[in-house]
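**Student:** Got a structure for you, questions after.
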There are 4 protein chains.
Amino acid sequence: MIVVLKPKISRKDELAVLKEIKRLGYKPHVMRGVARTVIGAIGDERKNHTLETLTTFPQVESVMPVQKRFKLVSREAHPSNSTIKLPNGVVIGGDKVVIMAGPCSVESEKQLLTTAHAVAKAGATVLRGGAFKPRTSPYEFQGLGEKGLKLLAKARKETGLAVITELLSEQQAEMVAEYADILQIGARNAQNFQLLIAAAKTGKPVLLKRGLSMKIEEWLLAGEYILANENPNLMFCERGVRTFETYTRNMLDLGAIPILKKESHCPVVIDPSQGAGRADLVTAMCKGSVAMGADALLIEVHPNPAEAWSDGAQQVSLEGFAKLMDELKPFIAAAGRS
Amino acid sequence: MIVVLKPKISRKDELAVLKEIKRLGYKPHVMRGVARTVIGAIGDERKNHTLETLTTFPQVESVMPVQKRFKLVSREAHPSNSTIKLPNGVVIGGDKVVIMAGPCSVESEKQLLTTAHAVAKAGATVLRGGAFKPRTSPYEFQGLGEKGLKLLAKARKETGLAVITELLSEQQAEMVAEYADILQIGARNAQNFQLLIAAAKTGKPVLLKRGLSMKIEEWLLAGEYILANENPNLMFCERGVRTFETYTRNMLDLGAIPILKKESHCPVVIDPSQGAGRADLVTAMCKGSVAMGADALLIEVHPNPAEAWSDGAQQVSLEGFAKLMDELKPFIAAAGRS
Amino acid sequence: MIVVLKPKISRKDELAVLKEIKRLGYKPHVMRGVARTVIGAIGDERKNHTLETLTTFPQVESVMPVQKRFKLVSREAHPSNSTIKLPNGVVIGGDKVVIMAGPCSVESEKQLLTTAHAVAKAGATVLRGGAFKPRTSPYEFQGLGEKGLKLLAKARKETGLAVITELLSEQQAEMVAEYADILQIGARNAQNFQLLIAAAKTGKPVLLKRGLSMKIEEWLLAGEYILANENPNLMFCERGVRTFETYTRNMLDLGAIPILKKESHCPVVIDPSQGAGRADLVTAMCKGSVAMGADALLIEVHPNPAEAWSDGAQQVSLEGFAKLMDELKPFIAAAGRS
Amino acid sequence: MIVVLKPKISRKDELAVLKEIKRLGYKPHVMRGVARTVIGAIGDERKNHTLETLTTFPQVESVMPVQKRFKLVSREAHPSNSTIKLPNGVVIGGDKVVIMAGPCSVESEKQLLTTAHAVAKAGATVLRGGAFKPRTSPYEFQGLGEKGLKLLAKARKETGLAVITELLSEQQAEMVAEYADILQIGARNAQNFQLLIAAAKTGKPVLLKRGLSMKIEEWLLAGEYILANENPNLMFCERGVRTFETYTRNMLDLGAIPILKKESHCPVVIDPSQGAGRADLVTAMCKGSVAMGADALLIEVHPNPAEAWSDGAQQVSLEGFAKLMDELKPFIAAAGRS
């Protein structure tokens, strides 16, 4: 840690800071600069007490951490790319760009199976669909629950698609894990650490969406909860962050792809449907995602978006999805993927 | 709902929209304006399917809801202010500005009891202290758990203070409720709806912190989850939101106080410690909060902030707290409170 | 405009609103809904007084505009794409993706000419370089001024590149326009309307950067100042917006590309150097930009970034730029451009 | 500056960094920590080249400045509070909380004089009113121009109020300064450095509004442009910043008051009208501002807000203003001001 003292402090006040630094387990190293004195505090920031509390000393101007706080998710810990292999043979993080597609919510057998067959035919290999839905209002449709999970399992059996579905509750972790090939943690639960631990413990691959205003460092640290609970199969999913802009529901931060690729070894997934909140922007966002290095896309597809029970405005139709897949091909090739 | 059509669309395209509006349960009402046609869709937005999905029709430019989505928390539903009475006789939302104070985390019997006696002496009537701590990194102190709850109960017995403590996990709702007089839902769990439901069902008063980038409407709707689960004792707690500013950890949105007072009947609490993230700004923020109509303050106090196990930088010392309480008095009086 | 009344207001209060709507030039159209009364106010929102002032009436809940406020920049006004032809024959907004490259600041003849030759060789057709620099601190390098402009003119002569440079001051509009082929308006001046008018009046093409936290609607309206002052040669340049994220200086909003393409006919340029603030992310961002439909890229290139007089951290080296141009080719092809 | 190296870099790579640090004018000081090597670079950061450019070296992880970048506006440079004396004897930054009030725009002699007399009677001592208006759309009312300035001068003569009005254009600096007692720089021009310099050079007191998403450090540095151009009469005006919240137009950052008071000696003004964008929140915000230490308030008042030519929704009526002034008194007293 670096501790910056205010200008012109007394020797006595400086000694008090040095003493506290030692008491908190670091070795202080004083540098006298032109304008102020700076103390390098040598010690493992991940094991010792933080020195940020020193800012409560009036003679301290600021404290800056030096070490990165994440460990197991870091590229330093695992220099090559991680890959995640699903039961149907699909590999996430490898040469192929994986397409995950399906409805926002599972609504009925017909809706789900129609969609599943259509997206499989167009080239998707993972089926998405929410059985438990986190809704802003208690009066909105909350998902079909276990019945929805059973329909997903049925669709998997019929189509060979793997299944990704959202986990909302610690208490349902085992139940959802029975049906799902990937557990999705939604943006609103991205720092629900108890849920992250419960998801990790099921042993299933976990897709961790970025919180609405989560810094990348916080996201990596939330991912650290998965790996630290002995589940190595983590992927990060950017789904747009919250800003001042009102034209779209969220602002998709595609710059997060090269940043995550630099800092971490885990696969990166983009959700352009949530990211845009508008079906008409999804295709362009898929192209950009692939060009910037995304390993997978998570796309909302519905047979009749206008009548969808949730988030209809951002779901593409079956025809729209087939067209999108066609348009995407040259960009996948340009990115050197298949 | 208001459905705005794009300019110059054909009669056929307009009819398709009208038909879908009817199918979704609304009565359309066409207005031909100067630049475009607008359709008023008459029907209960809270009961019917949303029309926002109509934006997937290329002839639709935008859809605007008219109704407010929250109901039970609204001022319309309950014109007078709600009050919450705690077992020690303290009333939140009444004439008195209630002071809740104590350490960020419960660390030891000595730390907690010292703090509890000091804050009680200075005028606090509720003791705060975290036994379960949501931490950004899995390598940080996660709280003493049930042992911490027992210490809180002991401090209550010794001082007569009521106890507020954070609930992190659905599975611990009953256990935490056994010890706590108020359950705190933290910012990172503000849209963890399963946790909100579990908290509501304990019957204990719930303090719902605002999420890091939660719109006020979303916050009110999250509160709606408490009241809709038959727990009327809800208070909202503003604790700063996330913005671009880096001088402080969060930006305390004091404007939320008059807004909540206008839209809702529930008491409003301000947490200036989280809000500022810096102990030296806490006093000024308390003054502003009281002047703007806050019903209670939630202040972090620690006997030795520099050695606090969590969030030391934002905790005030025992002496600092006593001084703060003194300085606050004229503002409480100016606000017509006691 | 749509005027939403509060529930249960008296007939008298409703009449007062209707009267004011008429006085402000609109024809009111009353719709009685389930929960509240909504008034459609028919009239040209761009010519009449706004009705948003009606929110000062206590009986009015909200007022929503229906019309878009921008006109000349809109796709409706000009359905085909606009193109801008530069004196060296380069066309922006056509089939070719135009590369604008050069140093953040013009520092010396050698620095500029070395860079100009290198970027021209690698495929750029426009040279960027700041002669007047808007700097956060008055103690930072403010640019070489007119001497810098002369160097840009010299580099143009030697290389055939067109020149883009920033205009900072109304008073310098004519002088800068003498040397520049494109006038750049920086993010901090994006709503400096006097500067926009002065730039428009020179008749030179204008590149309008997005302000740090400018909504797309505001950006389009700022562009409207150019076209309304009879200069049709406007291009929009996304350069990252300000958010809570601290990993990068700005967050590049690539979703703005398809949105601008939908709403406007003007060419869209991306500045990945400002957008990322970090040289190591520039290549990935260029790929994403091209894939999503950008017409041009504005890239900072410096012979020795570590010693650059401004913004060194985001400038790529000459070799880095040549490599970037190579890597970009397949994505330009995939986008159907050349 | 602090330069953090990546883990496990070679001695040769370290030497390259040390060499560059020396070349850029600093003395390096190496500290070998547990996880990585940190270099303290000793030298004046305000005089030397920034080392942030070193992040373009692949072996460098991050660079952190240590010094504050602002100087003349800092509390260190001028430990006591600055005060600004206006020609009518009013002192800003002294014991009295100064009230500046008046219409958003000057619309007519009658509108302005009515307002001026009313606000003077209620206790205001400075009259606000825009003669040049920066408007988001070129089709909105742009102000009466010099005719408006003349009306302001007339109102000053009749009432004894000092006059504050906005300066939009470098070219009008002298003309506006002829009529105004305080020059207002608006949020959209807060980093229009040429305008700041022009304003400073008139010698008139300058009120600098915070930009829409301006960090406090940037704001202080913009203020530095005034003082560095030999005009000591600067006041900062918080007027709300842009966030994700849509309930209000802006989010008023009252925490900026104690921060500015700590970092700077210049008076602090709050504009609750812009800050809220809604007249019904203005009174509460005034109370909070005064409680937190504001030196002055800038309040929009209009005889008939519903028909105001600009920003009607945020202007209070004449009666509303008189009532506000009454309600404010106990808070001014509580703050120990008059």
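Labels for the structure tokens follow display order: chains A, B, ..., residues from 1 in each chain, ligands from 1.
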When you get a sec, could you note down which chain C residues fall within 9 Å of chain B, using only C-alpha atoms, as number ranges by chain?
**Tutor:** C: 2, 4, 7, 29, 31-36, 38, 40-45, 62, 64, 66-67, 76, 242-246
**Student:** Please produce a file of those selected residues containing C-alpha atoms, as an mmCIF file, in the first residue's frame.
**Tutor:**
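That gives us out.cif:
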```
data_model
loop_
_atom_site.group_PDB
_atom_site.id
_atom_site.type_symbol
_atom_site.label_atom_id
_atom_site.label_comp_id
_atom_site.auth_asym_id
_atom_site.auth_seq_id
_atom_site.Cartn_x
_atom_site.Cartn_y
_atom_site.Cartn_z
ATOM 1 C CA ILE C 2 -49.198 13.870 -23.342
ATOM 2 C CA VAL C 4 -51.095 12.889 -17.279
ATOM 3 C CA PRO C 7 -55.925 10.492 -9.785
ATOM 4 C CA HIS C 29 -57.957 15.658 -26.334
ATOM 5 C CA MET C 31 -58.932 10.293 -22.483
ATOM 6 C CA ARG C 32 -60.437 8.883 -19.293
ATOM 7 C CA GLY C 33 -58.468 5.819 -18.279
ATOM 8 C CA VAL C 34 -58.909 3.247 -15.549
ATOM 9 C CA ALA C 35 -56.624 4.914 -13.047
ATOM 10 C CA ARG C 36 -56.299 8.466 -14.265
ATOM 11 C CA VAL C 38 -54.686 11.566 -19.769
ATOM 12 C CA GLY C 40 -53.331 14.355 -25.572
ATOM 13 C CA ALA C 41 -52.278 17.878 -26.570
ATOM 14 C CA ILE C 42 -52.250 18.146 -30.337
ATOM 15 C CA GLY C 43 -49.948 20.705 -31.917
ATOM 16 C CA ASP C 44 -46.417 21.098 -33.186
ATOM 17 C CA GLU C 45 -44.096 20.657 -30.222
ATOM 18 C CA SER C 62 -46.305 14.210 -15.648
ATOM 19 C CA MET C 64 -44.399 13.491 -21.951
ATOM 20 C CA VAL C 66 -44.202 12.784 -28.338
ATOM 21 C CA GLN C 67 -42.254 14.388 -31.149
ATOM 22 C CA GLU C 76 -36.698 11.151 -41.670
ATOM 23 C CA ARG C 242 -18.233 8.962 -18.415
ATOM 24 C CA THR C 243 -19.456 6.255 -16.077
ATOM 25 C CA PHE C 244 -18.649 4.743 -12.693
ATOM 26 C CA GLU C 245 -16.018 2.412 -14.192
ATOM 27 C CA THR C 246 -12.453 3.361 -13.333
#
```
**Student:** Would you return as JSON, numbers by chain the members of segment 133-294 of chain D that DSSP assigns to alpha helix (DSSP H) on this structure's backbone?
**Tutor:** {"D": [146, 147, 148, 149, 150, 151, 152, 153, 154, 155, 156, 157, 158, 159, 173, 174, 175, 176, 177, 178, 179, 193, 194, 195, 196, 197, 198, 199, 200, 201, 202, 216, 217, 218, 219, 220, 221, 222, 223, 224, 225, 226, 227, 228, 256, 257, 258, 259, 260, 261, 262, 263, 272, 273, 274, 275, 276, 282, 283, 284, 285, 286, 287, 288, 289, 290, 291]}
**Student:** Keeping only C-alpha atoms, take the residues you just selected and write them out as a PDB file, in the first residue's frame.
**Tutor:**
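Generated output (part.pdb):
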```pdb
ATOM      1  CA  GLU D 146     -28.274  42.846 -24.849  1.00  0.00           C
ATOM      2  CA  LYS D 147     -31.851  44.050 -24.423  1.00  0.00           C
ATOM      3  CA  GLY D 148     -32.117  41.583 -21.533  1.00  0.00           C
ATOM      4  CA  LEU D 149     -28.907  42.915 -20.002  1.00  0.00           C
ATOM      5  CA  LYS D 150     -30.338  46.428 -20.110  1.00  0.00           C
ATOM      6  CA  LEU D 151     -33.447  45.270 -18.297  1.00  0.00           C
ATOM      7  CA  LEU D 152     -31.270  43.681 -15.629  1.00  0.00           C
ATOM      8  CA  ALA D 153     -29.410  46.968 -15.196  1.00  0.00           C
ATOM      9  CA  LYS D 154     -32.711  48.767 -14.872  1.00  0.00           C
ATOM     10  CA  ALA D 155     -33.912  46.302 -12.245  1.00  0.00           C
ATOM     11  CA  ARG D 156     -30.664  46.754 -10.327  1.00  0.00           C
ATOM     12  CA  LYS D 157     -31.152  50.508 -10.341  1.00  0.00           C
ATOM     13  CA  GLU D 158     -34.727  50.219  -9.103  1.00  0.00           C
ATOM     14  CA  THR D 159     -34.131  47.613  -6.406  1.00  0.00           C
ATOM     15  CA  ALA D 173     -17.327  38.914 -22.268  1.00  0.00           C
ATOM     16  CA  GLU D 174     -16.737  42.627 -22.114  1.00  0.00           C
ATOM     17  CA  MET D 175     -20.264  43.533 -23.066  1.00  0.00           C
ATOM     18  CA  VAL D 176     -21.858  41.246 -20.490  1.00  0.00           C
ATOM     19  CA  ALA D 177     -19.348  42.395 -17.851  1.00  0.00           C
ATOM     20  CA  GLU D 178     -20.497  45.952 -18.382  1.00  0.00           C
ATOM     21  CA  TYR D 179     -23.942  45.070 -17.073  1.00  0.00           C
ATOM     22  CA  PHE D 193     -11.438  27.039 -21.007  1.00  0.00           C
ATOM     23  CA  GLN D 194     -11.341  29.905 -23.484  1.00  0.00           C
ATOM     24  CA  LEU D 195     -14.555  31.250 -21.994  1.00  0.00           C
ATOM     25  CA  LEU D 196     -13.172  30.853 -18.473  1.00  0.00           C
ATOM     26  CA  ILE D 197     -10.095  32.859 -19.428  1.00  0.00           C
ATOM     27  CA  ALA D 198     -12.218  35.550 -21.081  1.00  0.00           C
ATOM     28  CA  ALA D 199     -14.455  35.750 -18.009  1.00  0.00           C
ATOM     29  CA  ALA D 200     -11.488  35.947 -15.649  1.00  0.00           C
ATOM     30  CA  LYS D 201      -9.970  38.790 -17.631  1.00  0.00           C
ATOM     31  CA  THR D 202     -13.012  41.028 -17.219  1.00  0.00           C
ATOM     32  CA  ILE D 216     -14.657  17.677  -8.118  1.00  0.00           C
ATOM     33  CA  GLU D 217     -10.969  17.652  -8.989  1.00  0.00           C
ATOM     34  CA  GLU D 218     -11.755  18.770 -12.538  1.00  0.00           C
ATOM     35  CA  TRP D 219     -14.030  21.483 -11.208  1.00  0.00           C
ATOM     36  CA  LEU D 220     -11.321  22.804  -8.933  1.00  0.00           C
ATOM     37  CA  LEU D 221      -8.926  22.790 -11.881  1.00  0.00           C
ATOM     38  CA  ALA D 222     -11.425  24.692 -14.020  1.00  0.00           C
ATOM     39  CA  GLY D 223     -11.602  27.220 -11.186  1.00  0.00           C
ATOM     40  CA  GLU D 224      -7.825  27.318 -11.249  1.00  0.00           C
ATOM     41  CA  TYR D 225      -8.140  28.840 -14.744  1.00  0.00           C
ATOM     42  CA  ILE D 226      -9.872  31.855 -13.154  1.00  0.00           C
ATOM     43  CA  LEU D 227      -7.347  32.412 -10.391  1.00  0.00           C
ATOM     44  CA  ALA D 228      -4.378  31.704 -12.648  1.00  0.00           C
ATOM     45  CA  ALA D 256     -19.856  18.678  -2.582  1.00  0.00           C
ATOM     46  CA  ILE D 257     -20.310  21.487  -0.047  1.00  0.00           C
ATOM     47  CA  PRO D 258     -18.166  20.043   2.776  1.00  0.00           C
ATOM     48  CA  ILE D 259     -15.707  18.677   0.222  1.00  0.00           C
ATOM     49  CA  LEU D 260     -15.213  22.058  -1.443  1.00  0.00           C
ATOM     50  CA  LYS D 261     -14.978  23.725   1.964  1.00  0.00           C
ATOM     51  CA  LYS D 262     -12.225  21.300   2.865  1.00  0.00           C
ATOM     52  CA  GLU D 263     -10.241  21.494  -0.360  1.00  0.00           C
ATOM     53  CA  PRO D 272     -31.449  23.891  -6.192  1.00  0.00           C
ATOM     54  CA  SER D 273     -33.617  24.841  -9.160  1.00  0.00           C
ATOM     55  CA  GLN D 274     -31.355  23.240 -11.745  1.00  0.00           C
ATOM     56  CA  GLY D 275     -30.385  20.634  -9.169  1.00  0.00           C
ATOM     57  CA  ALA D 276     -33.892  19.358  -8.819  1.00  0.00           C
ATOM     58  CA  VAL D 282     -36.573  23.390  -4.149  1.00  0.00           C
ATOM     59  CA  THR D 283     -37.473  24.290  -0.576  1.00  0.00           C
ATOM     60  CA  ALA D 284     -36.180  21.039   0.909  1.00  0.00           C
ATOM     61  CA  MET D 285     -32.986  21.385  -1.067  1.00  0.00           C
ATOM     62  CA  CYS D 286     -32.447  24.931   0.145  1.00  0.00           C
ATOM     63  CA  LYS D 287     -32.754  23.727   3.734  1.00  0.00           C
ATOM     64  CA  GLY D 288     -30.223  20.954   3.183  1.00  0.00           C
ATOM     65  CA  SER D 289     -27.828  23.314   1.414  1.00  0.00           C
ATOM     66  CA  VAL D 290     -27.818  25.813   4.238  1.00  0.00           C
ATOM     67  CA  ALA D 291     -27.439  23.090   6.858  1.00  0.00           C
TER      68      ALA D 291
END
```
**Student:** Write out as an NGL selection string all residues of segment 61-275 of chain C that DSSP puts in strand (DSSP E or B) for this structure's backbone.
**Tutor:** :C and (61-64 or 74 or 84-85 or 91-92 or 98-102 or 105 or 126-128 or 130 or 162-166 or 182-185 or 206-209 or 234-238 or 241 or 251 or 264 or 268-270)
**Student:** Take the residues from that selection and put them in a file with C-alpha atoms, as a compact mmCIF listing (two decimals), in the first residue's frame.
**Tutor:**
```txt
# COMPACT_ATOMS: atom_id res chain seq x y z
CA GLU C 61 -48.52 14.23 -12.59
CA SER C 62 -46.30 14.21 -15.65
CA VAL C 63 -45.91 15.54 -19.17
CA MET C 64 -44.40 13.49 -21.95
CA SER C 74 -32.84 13.04 -38.68
CA ILE C 84 -18.73 14.26 -46.97
CA LYS C 85 -16.11 14.75 -49.63
CA VAL C 91 -15.25 10.46 -48.94
CA ILE C 92 -16.58 9.96 -45.41
CA VAL C 98 -11.78 6.17 -43.52
CA ILE C 99 -8.84 6.12 -41.14
CA MET C 100 -7.88 9.38 -39.46
CA ALA C 101 -4.65 9.07 -37.50
CA GLY C 102 -1.93 11.16 -35.95
CA SER C 105 -0.88 17.13 -30.01
CA VAL C 126 -6.69 11.92 -42.86
CA LEU C 127 -4.11 13.31 -40.43
CA ARG C 128 -5.17 14.29 -36.94
CA GLY C 130 -4.14 19.15 -32.03
CA ALA C 162 -6.43 15.68 -45.34
CA VAL C 163 -6.17 17.45 -41.99
CA ILE C 164 -8.50 17.36 -39.00
CA THR C 165 -7.76 19.57 -36.00
CA GLU C 166 -9.64 20.86 -33.00
CA ILE C 182 -12.27 19.12 -40.93
CA LEU C 183 -12.94 21.07 -37.74
CA GLN C 184 -13.12 18.93 -34.64
CA ILE C 185 -15.35 20.00 -31.75
CA VAL C 206 -17.45 19.50 -38.69
CA LEU C 207 -16.71 16.45 -36.56
CA LEU C 208 -18.78 16.71 -33.39
CA LYS C 209 -17.59 14.62 -30.49
CA LEU C 234 -21.55 17.07 -40.14
CA MET C 235 -20.22 13.84 -38.72
CA PHE C 236 -20.78 12.50 -35.21
CA CYS C 237 -17.85 11.07 -33.27
CA GLU C 238 -18.33 8.74 -30.29
CA VAL C 241 -18.74 8.52 -22.09
CA MET C 251 -16.60 3.83 -21.61
CA SER C 264 -29.62 10.17 -38.49
CA VAL C 268 -20.39 8.13 -37.68
CA VAL C 269 -16.78 8.20 -36.53
CA ILE C 270 -15.30 6.35 -33.56
```
**Student:** Measure the distance from atom CA of Leu113 of chain B to atom CA of Thr136 of chain B in Å and round it to one decimal.
**Tutor:** 27.3 Å
**Student:** Please compute the atom CA of Asn189 of chain B-atom CA of Leu212 of chain B distance, one decimal, in Å.
**Tutor:**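 Between atom CA of Asn189 of chain B and atom CA of Leu212 of chain B the gap works out to 9.8 Å.
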**Student:** Between atom CA of Gly240 of chain B and atom CA of Gly211 of chain B, what is the distance, to one decimal in Å?
**Tutor:** 8.7 Å
**Student:** C:Lys121, C:Arg69, C:Arg75, C:Lys96: which is nearest Leu297 of chain C, counting only C-alpha atoms?
**Tutor:**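 Looking only at the distances to Leu297 of chain C, the closest residue turns out to be C:Lys96.
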**Student:** Need to verify the contact set: segment 327-332 of chain B, 7 Å, only C-alpha atoms, exclusion of same-chain residues closer than 2 positions in sequence. Can you return it as an NGL selection string?
**Tutor:** (:B and (287 or 290-291 or 323-325 or 334-338)) or (:D and (331 or 334))
**Student:** Keeping only all heavy atoms, take the residues you just selected and write them out as a JSON list (two decimals), in the first residue's frame.
**Tutor:**
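Below is the file out-v2.json, written as the result:
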```
[["chain", "number", "residue", "atom", "x", "y", "z"],
["B", 287, "LYS", "N", -26.37, 16.76, 9.19],
["B", 287, "LYS", "CA", -27.10, 18.02, 9.27],
["B", 287, "LYS", "C", -28.03, 18.20, 8.07],
["B", 287, "LYS", "O", -29.20, 18.56, 8.20],
["B", 287, "LYS", "CB", -26.11, 19.20, 9.32],
["B", 287, "LYS", "CG", -25.31, 19.27, 10.61],
["B", 287, "LYS", "CD", -24.29, 20.41, 10.53],
["B", 287, "LYS", "CE", -23.39, 20.42, 11.76],
["B", 287, "LYS", "NZ", -22.30, 21.43, 11.61],
["B", 290, "VAL", "N", -31.13, 15.79, 8.22],
["B", 290, "VAL", "CA", -32.16, 16.21, 9.16],
["B", 290, "VAL", "C", -32.92, 17.42, 8.61],
["B", 290, "VAL", "O", -34.15, 17.48, 8.67],
["B", 290, "VAL", "CB", -31.51, 16.52, 10.53],
["B", 290, "VAL", "CG1", -32.46, 17.30, 11.42],
["B", 290, "VAL", "CG2", -31.08, 15.21, 11.19],
["B", 291, "ALA", "N", -32.18, 18.35, 8.02],
["B", 291, "ALA", "CA", -32.83, 19.55, 7.48],
["B", 291, "ALA", "C", -33.80, 19.18, 6.36],
["B", 291, "ALA", "O", -34.81, 19.84, 6.17],
["B", 291, "ALA", "CB", -31.77, 20.52, 6.96],
["B", 323, "LYS", "N", -19.68, 14.51, 19.71],
["B", 323, "LYS", "CA", -19.62, 15.87, 19.19],
["B", 323, "LYS", "C", -20.66, 16.06, 18.06],
["B", 323, "LYS", "O", -21.36, 17.08, 18.01],
["B", 323, "LYS", "CB", -18.20, 16.10, 18.65],
["B", 323, "LYS", "CG", -17.85, 17.52, 18.33],
["B", 323, "LYS", "CD", -16.34, 17.74, 18.34],
["B", 323, "LYS", "CE", -15.98, 19.07, 17.68],
["B", 323, "LYS", "NZ", -16.11, 19.07, 16.22],
["B", 324, "LEU", "N", -20.73, 15.07, 17.20],
["B", 324, "LEU", "CA", -21.71, 15.12, 16.10],
["B", 324, "LEU", "C", -23.12, 15.30, 16.67],
["B", 324, "LEU", "O", -23.91, 16.12, 16.18],
["B", 324, "LEU", "CB", -21.61, 13.79, 15.34],
["B", 324, "LEU", "CG", -22.48, 13.51, 14.11],
["B", 324, "LEU", "CD1", -21.86, 12.36, 13.31],
["B", 324, "LEU", "CD2", -23.92, 13.19, 14.41],
["B", 325, "MET", "N", -23.45, 14.53, 17.73],
["B", 325, "MET", "CA", -24.80, 14.61, 18.30],
["B", 325, "MET", "C", -25.08, 16.01, 18.84],
["B", 325, "MET", "O", -26.19, 16.53, 18.69],
["B", 325, "MET", "CB", -24.95, 13.56, 19.41],
["B", 325, "MET", "CG", -24.97, 12.12, 18.88],
["B", 325, "MET", "SD", -26.44, 11.72, 17.89],
["B", 325, "MET", "CE", -27.66, 11.49, 19.20],
["B", 334, "ALA", "N", -34.60, 22.99, 14.29],
["B", 334, "ALA", "CA", -35.05, 23.79, 13.14],
["B", 334, "ALA", "C", -36.03, 23.01, 12.29],
["B", 334, "ALA", "O", -36.93, 23.58, 11.67],
["B", 334, "ALA", "CB", -33.84, 24.22, 12.31],
["B", 335, "ALA", "N", -35.85, 21.69, 12.23],
["B", 335, "ALA", "CA", -36.75, 20.85, 11.43],
["B", 335, "ALA", "C", -38.05, 20.58, 12.17],
["B", 335, "ALA", "O", -38.91, 19.84, 11.67],
["B", 335, "ALA", "CB", -36.04, 19.54, 11.06],
["B", 336, "GLY", "N", -38.20, 21.14, 13.37],
["B", 336, "GLY", "CA", -39.43, 20.94, 14.13],
["B", 336, "GLY", "C", -39.54, 19.55, 14.72],
["B", 336, "GLY", "O", -40.64, 19.05, 14.96],
["B", 337, "ARG", "N", -38.39, 18.91, 14.92],
["B", 337, "ARG", "CA", -38.39, 17.55, 15.49],
["B", 337, "ARG", "C", -37.70, 17.59, 16.85],
["B", 337, "ARG", "O", -37.16, 18.61, 17.27],
["B", 337, "ARG", "CB", -37.61, 16.57, 14.58],
["B", 337, "ARG", "CG", -37.87, 16.66, 13.10],
["B", 337, "ARG", "CD", -39.12, 15.93, 12.65],
["B", 337, "ARG", "NE", -39.02, 14.49, 12.66],
["B", 337, "ARG", "CZ", -39.04, 13.72, 11.57],
["B", 337, "ARG", "NH1", -39.09, 14.25, 10.37],
["B", 337, "ARG", "NH2", -39.03, 12.39, 11.67],
["B", 338, "SER", "N", -37.66, 16.45, 17.49],
["B", 338, "SER", "CA", -36.94, 16.40, 18.76],
["B", 338, "SER", "C", -36.05, 15.17, 18.80],
["B", 338, "SER", "O", -36.02, 14.38, 17.88],
["B", 338, "SER", "CB", -37.93, 16.38, 19.92],
["B", 338, "SER", "OG", -38.78, 15.27, 19.80],
["D", 331, "PHE", "N", -33.13, 27.32, 9.71],
["D", 331, "PHE", "CA", -31.95, 26.54, 9.30],
["D", 331, "PHE", "C", -30.73, 27.44, 9.15],
["D", 331, "PHE", "O", -29.61, 27.04, 9.46],
["D", 331, "PHE", "CB", -32.23, 25.75, 8.01],
["D", 331, "PHE", "CG", -33.30, 24.72, 8.23],
["D", 331, "PHE", "CD1", -34.63, 24.98, 7.95],
["D", 331, "PHE", "CD2", -32.96, 23.48, 8.76],
["D", 331, "PHE", "CE1", -35.61, 24.04, 8.20],
["D", 331, "PHE", "CE2", -33.94, 22.53, 9.01],
["D", 331, "PHE", "CZ", -35.27, 22.81, 8.72],
["D", 334, "ALA", "N", -29.64, 27.92, 12.62],
["D", 334, "ALA", "CA", -29.00, 26.71, 13.15],
["D", 334, "ALA", "C", -27.57, 26.58, 12.62],
["D", 334, "ALA", "O", -26.69, 26.06, 13.30],
["D", 334, "ALA", "CB", -29.82, 25.47, 12.77]]
```
